[in-house]
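Peer 1: run05.pdb is reproduced in full below (PDB, C-alpha atoms).
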ATOM      1  CA  MET P   1     -75.702 -14.772  43.697  1.00  0.00           C
ATOM      2  CA  GLU P   2     -74.250 -11.397  42.711  1.00  0.00           C
ATOM      3  CA  THR P   3     -74.798 -10.159  39.217  1.00  0.00           C
ATOM      4  CA  LEU P   4     -71.797  -9.420  37.032  1.00  0.00           C
ATOM      5  CA  GLY P   5     -72.720  -5.716  37.007  1.00  0.00           C
ATOM      6  CA  LYS P   6     -72.757  -5.541  40.809  1.00  0.00           C
ATOM      7  CA  ARG P   7     -69.376  -7.292  41.008  1.00  0.00           C
ATOM      8  CA  VAL P   8     -67.929  -4.810  38.498  1.00  0.00           C
ATOM      9  CA  VAL P   9     -69.253  -1.851  40.519  1.00  0.00           C
ATOM     10  CA  ILE P  10     -67.947  -3.270  43.809  1.00  0.00           C
ATOM     11  CA  GLY P  11     -64.577  -4.104  42.236  1.00  0.00           C
ATOM     12  CA  GLY P  12     -64.379  -0.646  40.688  1.00  0.00           C
ATOM     13  CA  GLU P  13     -65.338   1.065  43.917  1.00  0.00           C
ATOM     14  CA  ASN P  14     -62.686  -0.914  45.807  1.00  0.00           C
ATOM     15  CA  PHE P  15     -60.065   0.461  43.446  1.00  0.00           C
ATOM     16  CA  VAL P  16     -61.306   3.992  42.729  1.00  0.00           C
ATOM     17  CA  GLY P  17     -63.733   4.443  45.635  1.00  0.00           C
ATOM     18  CA  PRO P  18     -67.498   5.016  45.732  1.00  0.00           C
ATOM     19  CA  PHE P  19     -68.565   6.815  42.617  1.00  0.00           C
ATOM     20  CA  ASP P  20     -69.426   9.943  44.650  1.00  0.00           C
ATOM     21  CA  TRP P  21     -65.842  10.116  45.969  1.00  0.00           C
ATOM     22  CA  TYR P  22     -62.956  11.709  44.066  1.00  0.00           C
ATOM     23  CA  PHE P  23     -59.862   9.753  43.113  1.00  0.00           C
ATOM     24  CA  ASP P  24     -56.487  11.496  42.770  1.00  0.00           C
ATOM     25  CA  MET P  25     -52.941  10.335  41.979  1.00  0.00           C
ATOM     26  CA  SER P  26     -51.303  13.794  41.806  1.00  0.00           C
ATOM     27  CA  ARG P  27     -49.210  13.235  44.952  1.00  0.00           C
ATOM     28  CA  GLY P  28     -47.768  10.001  43.566  1.00  0.00           C
ATOM     29  CA  TYR P  29     -50.094   7.719  45.522  1.00  0.00           C
ATOM     30  CA  ARG P  30     -53.809   6.890  45.512  1.00  0.00           C
ATOM     31  CA  THR P  31     -55.997   9.311  47.456  1.00  0.00           C
ATOM     32  CA  PHE P  32     -59.779   9.255  47.757  1.00  0.00           C
ATOM     33  CA  THR P  33     -61.701  12.307  48.968  1.00  0.00           C
ATOM     34  CA  GLY P  34     -65.397  12.396  49.835  1.00  0.00           C
ATOM     35  CA  ARG P  35     -67.968  12.053  52.594  1.00  0.00           C
ATOM     36  CA  PHE P  36     -68.521   9.225  55.042  1.00  0.00           C
ATOM     37  CA  LEU P  37     -72.285   8.920  55.485  1.00  0.00           C
ATOM     38  CA  ILE P  38     -73.878   8.433  58.903  1.00  0.00           C
ATOM     39  CA  TYR P  39     -77.159   6.524  59.131  1.00  0.00           C
ATOM     40  CA  ASP P  40     -79.804   6.312  61.833  1.00  0.00           C
ATOM     41  CA  ARG P  41     -81.285   3.004  62.963  1.00  0.00           C
ATOM     42  CA  THR P  42     -83.838   3.082  60.141  1.00  0.00           C
ATOM     43  CA  GLY P  43     -81.173   3.465  57.449  1.00  0.00           C
ATOM     44  CA  ILE P  44     -81.740   7.155  56.728  1.00  0.00           C
ATOM     45  CA  VAL P  45     -78.670   9.352  56.253  1.00  0.00           C
ATOM     46  CA  ARG P  46     -78.576  11.811  59.169  1.00  0.00           C
ATOM     47  CA  ASP P  47     -75.114  13.310  58.946  1.00  0.00           C
ATOM     48  CA  TYR P  48     -71.782  13.010  57.193  1.00  0.00           C
ATOM     49  CA  VAL P  49     -68.101  13.633  57.826  1.00  0.00           C
ATOM     50  CA  ARG P  50     -65.742  14.793  55.130  1.00  0.00           C
ATOM     51  CA  GLY P  51     -62.736  12.551  54.800  1.00  0.00           C
ATOM     52  CA  ARG P  52     -59.769  11.285  52.890  1.00  0.00           C
ATOM     53  CA  VAL P  53     -58.293   7.811  52.449  1.00  0.00           C
ATOM     54  CA  SER P  54     -54.700   7.652  51.168  1.00  0.00           C
ATOM     55  CA  PHE P  55     -52.432   4.784  50.207  1.00  0.00           C
ATOM     56  CA  LYS P  56     -48.844   5.991  50.574  1.00  0.00           C
ATOM     57  CA  ASP P  57     -48.141   2.332  51.349  1.00  0.00           C
ATOM     58  CA  PRO P  58     -50.239   0.427  48.772  1.00  0.00           C
ATOM     59  CA  THR P  59     -51.185  -2.205  51.372  1.00  0.00           C
ATOM     60  CA  ALA P  60     -52.292   0.088  54.234  1.00  0.00           C
ATOM     61  CA  ALA P  61     -54.889   2.864  54.228  1.00  0.00           C
ATOM     62  CA  ASP P  62     -54.313   6.181  55.983  1.00  0.00           C
ATOM     63  CA  VAL P  63     -57.715   7.580  56.987  1.00  0.00           C
ATOM     64  CA  TYR P  64     -58.364  11.233  57.808  1.00  0.00           C
ATOM     65  CA  LEU P  65     -61.610  12.792  59.080  1.00  0.00           C
ATOM     66  CA  TYR P  66     -62.408  16.495  58.962  1.00  0.00           C
ATOM     67  CA  ASP P  67     -64.110  17.912  62.042  1.00  0.00           C
ATOM     68  CA  PRO P  68     -65.942  14.785  63.249  1.00  0.00           C
ATOM     69  CA  PRO P  69     -69.050  15.525  65.360  1.00  0.00           C
ATOM     70  CA  ALA P  70     -68.743  15.496  69.151  1.00  0.00           C
ATOM     71  CA  TYR P  71     -70.781  12.291  69.498  1.00  0.00           C
ATOM     72  CA  VAL P  72     -67.931  10.376  67.833  1.00  0.00           C
ATOM     73  CA  GLY P  73     -66.029  10.934  71.093  1.00  0.00           C
ATOM     74  CA  LYS P  74     -68.458   8.552  72.830  1.00  0.00           C
ATOM     75  CA  HIS P  75     -67.496   5.630  70.569  1.00  0.00           C
ATOM     76  CA  PRO P  76     -65.040   2.992  71.888  1.00  0.00           C
ATOM     77  CA  HIS P  77     -62.717   3.717  68.920  1.00  0.00           C
ATOM     78  CA  ALA P  78     -62.667   7.488  69.598  1.00  0.00           C
ATOM     79  CA  LYS P  79     -59.271   7.013  71.225  1.00  0.00           C
ATOM     80  CA  CYS P  80     -57.995   5.951  67.777  1.00  0.00           C
ATOM     81  CA  LEU P  81     -58.526   9.477  66.424  1.00  0.00           C
ATOM     82  CA  GLN P  82     -55.562  11.834  66.695  1.00  0.00           C
ATOM     83  CA  LEU P  83     -55.652  15.556  65.922  1.00  0.00           C
ATOM     84  CA  LEU P  84     -53.137  16.198  63.137  1.00  0.00           C
ATOM     85  CA  ALA P  85     -52.009  19.631  64.319  1.00  0.00           C
ATOM     86  CA  PRO P  86     -53.037  22.191  66.949  1.00  0.00           C
ATOM     87  CA  LYS P  87     -55.976  24.310  65.740  1.00  0.00           C
ATOM     88  CA  SER P  88     -56.529  21.868  62.856  1.00  0.00           C
ATOM     89  CA  LYS P  89     -59.865  20.173  62.312  1.00  0.00           C
ATOM     90  CA  TRP P  90     -58.292  17.133  60.617  1.00  0.00           C
ATOM     91  CA  PHE P  91     -57.946  13.885  62.568  1.00  0.00           C
ATOM     92  CA  LYS P  92     -56.086  10.739  61.602  1.00  0.00           C
ATOM     93  CA  LEU P  93     -57.682   7.405  62.434  1.00  0.00           C
ATOM     94  CA  HIS P  94     -55.123   4.896  63.691  1.00  0.00           C
ATOM     95  CA  PHE P  95     -55.995   1.277  62.992  1.00  0.00           C
ATOM     96  CA  GLU P  96     -54.771  -1.684  65.009  1.00  0.00           C
ATOM     97  CA  ARG P  97     -54.514  -3.446  61.633  1.00  0.00           C
ATOM     98  CA  PRO P  98     -54.772  -0.943  58.769  1.00  0.00           C
ATOM     99  CA  ALA P  99     -57.285  -1.654  56.045  1.00  0.00           C
ATOM    100  CA  ALA P 100     -55.702  -2.966  52.848  1.00  0.00           C
ATOM    101  CA  THR P 101     -58.354  -1.649  50.453  1.00  0.00           C
ATOM    102  CA  PHE P 102     -60.384   1.494  50.097  1.00  0.00           C
ATOM    103  CA  GLY P 103     -63.579  -0.527  50.515  1.00  0.00           C
ATOM    104  CA  ALA P 104     -62.460  -1.985  53.843  1.00  0.00           C
ATOM    105  CA  ALA P 105     -61.375   1.423  55.190  1.00  0.00           C
ATOM    106  CA  TYR P 106     -64.578   3.093  54.015  1.00  0.00           C
ATOM    107  CA  ALA P 107     -66.819   0.385  55.493  1.00  0.00           C
ATOM    108  CA  PHE P 108     -65.021   0.480  58.856  1.00  0.00           C
ATOM    109  CA  VAL P 109     -65.230   4.269  59.168  1.00  0.00           C
ATOM    110  CA  GLU P 110     -68.838   4.517  58.042  1.00  0.00           C
ATOM    111  CA  HIS P 111     -69.793   1.749  60.484  1.00  0.00           C
ATOM    112  CA  MET P 112     -67.902   3.437  63.344  1.00  0.00           C
ATOM    113  CA  LEU P 113     -69.532   6.823  62.665  1.00  0.00           C
ATOM    114  CA  THR P 114     -73.004   5.303  62.334  1.00  0.00           C
ATOM    115  CA  GLU P 115     -72.532   3.342  65.559  1.00  0.00           C
ATOM    116  CA  ALA P 116     -71.398   6.509  67.377  1.00  0.00           C
ATOM    117  CA  PHE P 117     -74.464   8.396  66.123  1.00  0.00           C
ATOM    118  CA  ASN P 118     -76.839   5.642  67.214  1.00  0.00           C
ATOM    119  CA  LEU P 119     -75.222   5.328  70.652  1.00  0.00           C
ATOM    120  CA  THR P 120     -76.093   8.951  71.370  1.00  0.00           C
ATOM    121  CA  HIS P 121     -79.365   9.563  69.503  1.00  0.00           C
TER     122      HIS P 121
END
Kindly return the structure encoded in the file as structure tokens.

Peer 2:
Amino acid sequence: METLGKRVVIGGENFVGPFDWYFDMSRGYRTFTGRFLIYDRTGIVRDYVRGRVSFKDPTAADVYLYDPPAYVGKHPHAKCLQLLAPKSKWFKLHFERPAATFGAAYAFVEHMLTEAFNLTH
């Protein structure tokens, strides 16, 4: 059974993001900025991708990745990444069903990136 402290941290991180991410409301909507960590098969962090998760619509996350590594292109969901503008390094991740919380978006992206790394290394 989860401790109360762990539930508070998880609940807090779902609203304001992991505590190493930055939360901002200056644009009039919730935006989280930080790094998605990429783990090897043994659980060691091997890489990261800078990113942003925004909630212009409070029920659907918009996820952006900055300059994802080439191995991400080998993942089945690579086709869901769209370059935002020519010569830009920012990509938007299009979900079939957008995540409704920061925690869900973060977990999906980190899992996708970790899977892509482990498919190629």

Peer 1: Give me the result of the PyMOL selection byres ((chain P and resi 113-120) around 8) on this file, residue by residue, as number ranges by chain.

Peer 2: P: 37-41, 71-75, 109-112, 121

Peer 1: Could you please take those selected residues and save C-alpha atoms as a compact mmCIF listing (two decimals), in the frame of the given file?

Peer 2:
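Final file, result-v7.txt:
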# COMPACT_ATOMS: atom_id res chain seq x y z
CA LEU P 37 -72.28 8.92 55.48
CA ILE P 38 -73.88 8.43 58.90
CA TYR P 39 -77.16 6.52 59.13
CA ASP P 40 -79.80 6.31 61.83
CA ARG P 41 -81.28 3.00 62.96
CA TYR P 71 -70.78 12.29 69.50
CA VAL P 72 -67.93 10.38 67.83
CA GLY P 73 -66.03 10.93 71.09
CA LYS P 74 -68.46 8.55 72.83
CA HIS P 75 -67.50 5.63 70.57
CA VAL P 109 -65.23 4.27 59.17
CA GLU P 110 -68.84 4.52 58.04
CA HIS P 111 -69.79 1.75 60.48
CA MET P 112 -67.90 3.44 63.34
CA HIS P 121 -79.36 9.56 69.50

Peer 1: Starting from the PyMOL selection byres ((chain P and resi 96-105) around 6), expand the selection into actual residues of this file and give them as a short mmCIF file (atom, residue, chain, number, x, y, z; two decimals) with C-alpha atoms, in the frame of the given file.

Peer 2:
data_model
loop_
_atom_site.label_atom_id
_atom_site.label_comp_id
_atom_site.auth_asym_id
_atom_site.auth_seq_id
_atom_site.Cartn_x
_atom_site.Cartn_y
_atom_site.Cartn_z
CA ASN P 14 -62.69 -0.91 45.81
CA THR P 59 -51.18 -2.20 51.37
CA ALA P 60 -52.29 0.09 54.23
CA ALA P 61 -54.89 2.86 54.23
CA PHE P 95 -56.00 1.28 62.99
CA TYR P 106 -64.58 3.09 54.02
CA ALA P 107 -66.82 0.38 55.49
CA PHE P 108 -65.02 0.48 58.86
#

Peer 1: Looking at all atoms listed in the file, which of P:Pro86, P:Gly5, P:Gly51, P:Pro68 is the one that sits closest to Thr33 of chain P?

Peer 2: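 Among the listed residues, the smallest separation from Thr33 of chain P belongs to P:Gly51.
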
Peer 1: Taking 5 positions as the minimum chain separation for residues in the same chain, which residues sit within 6 Å of segment 20-32 of chain P when counting all atoms listed in the file? Answer as a PDB file with C-alpha atoms, keeping the file's coordinate frame.

Peer 2:
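Saved to result20.pdb:
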ATOM      1  CA  ARG P  52     -59.769  11.285  52.890  1.00  0.00           C
ATOM      2  CA  VAL P  53     -58.293   7.811  52.449  1.00  0.00           C
ATOM      3  CA  SER P  54     -54.700   7.652  51.168  1.00  0.00           C
ATOM      4  CA  PHE P  55     -52.432   4.784  50.207  1.00  0.00           C
ATOM      5  CA  LYS P  56     -48.844   5.991  50.574  1.00  0.00           C
TER       6      LYS P  56
END

Peer 1: From the options P:Lys89, P:Arg50, P:His94, P:Lys79, which residue's atoms come nearest to Gly34 of chain P, counting only C-alpha atoms?

Peer 2: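 For Gly34 of chain P, the nearest of the given residues is P:Arg50.
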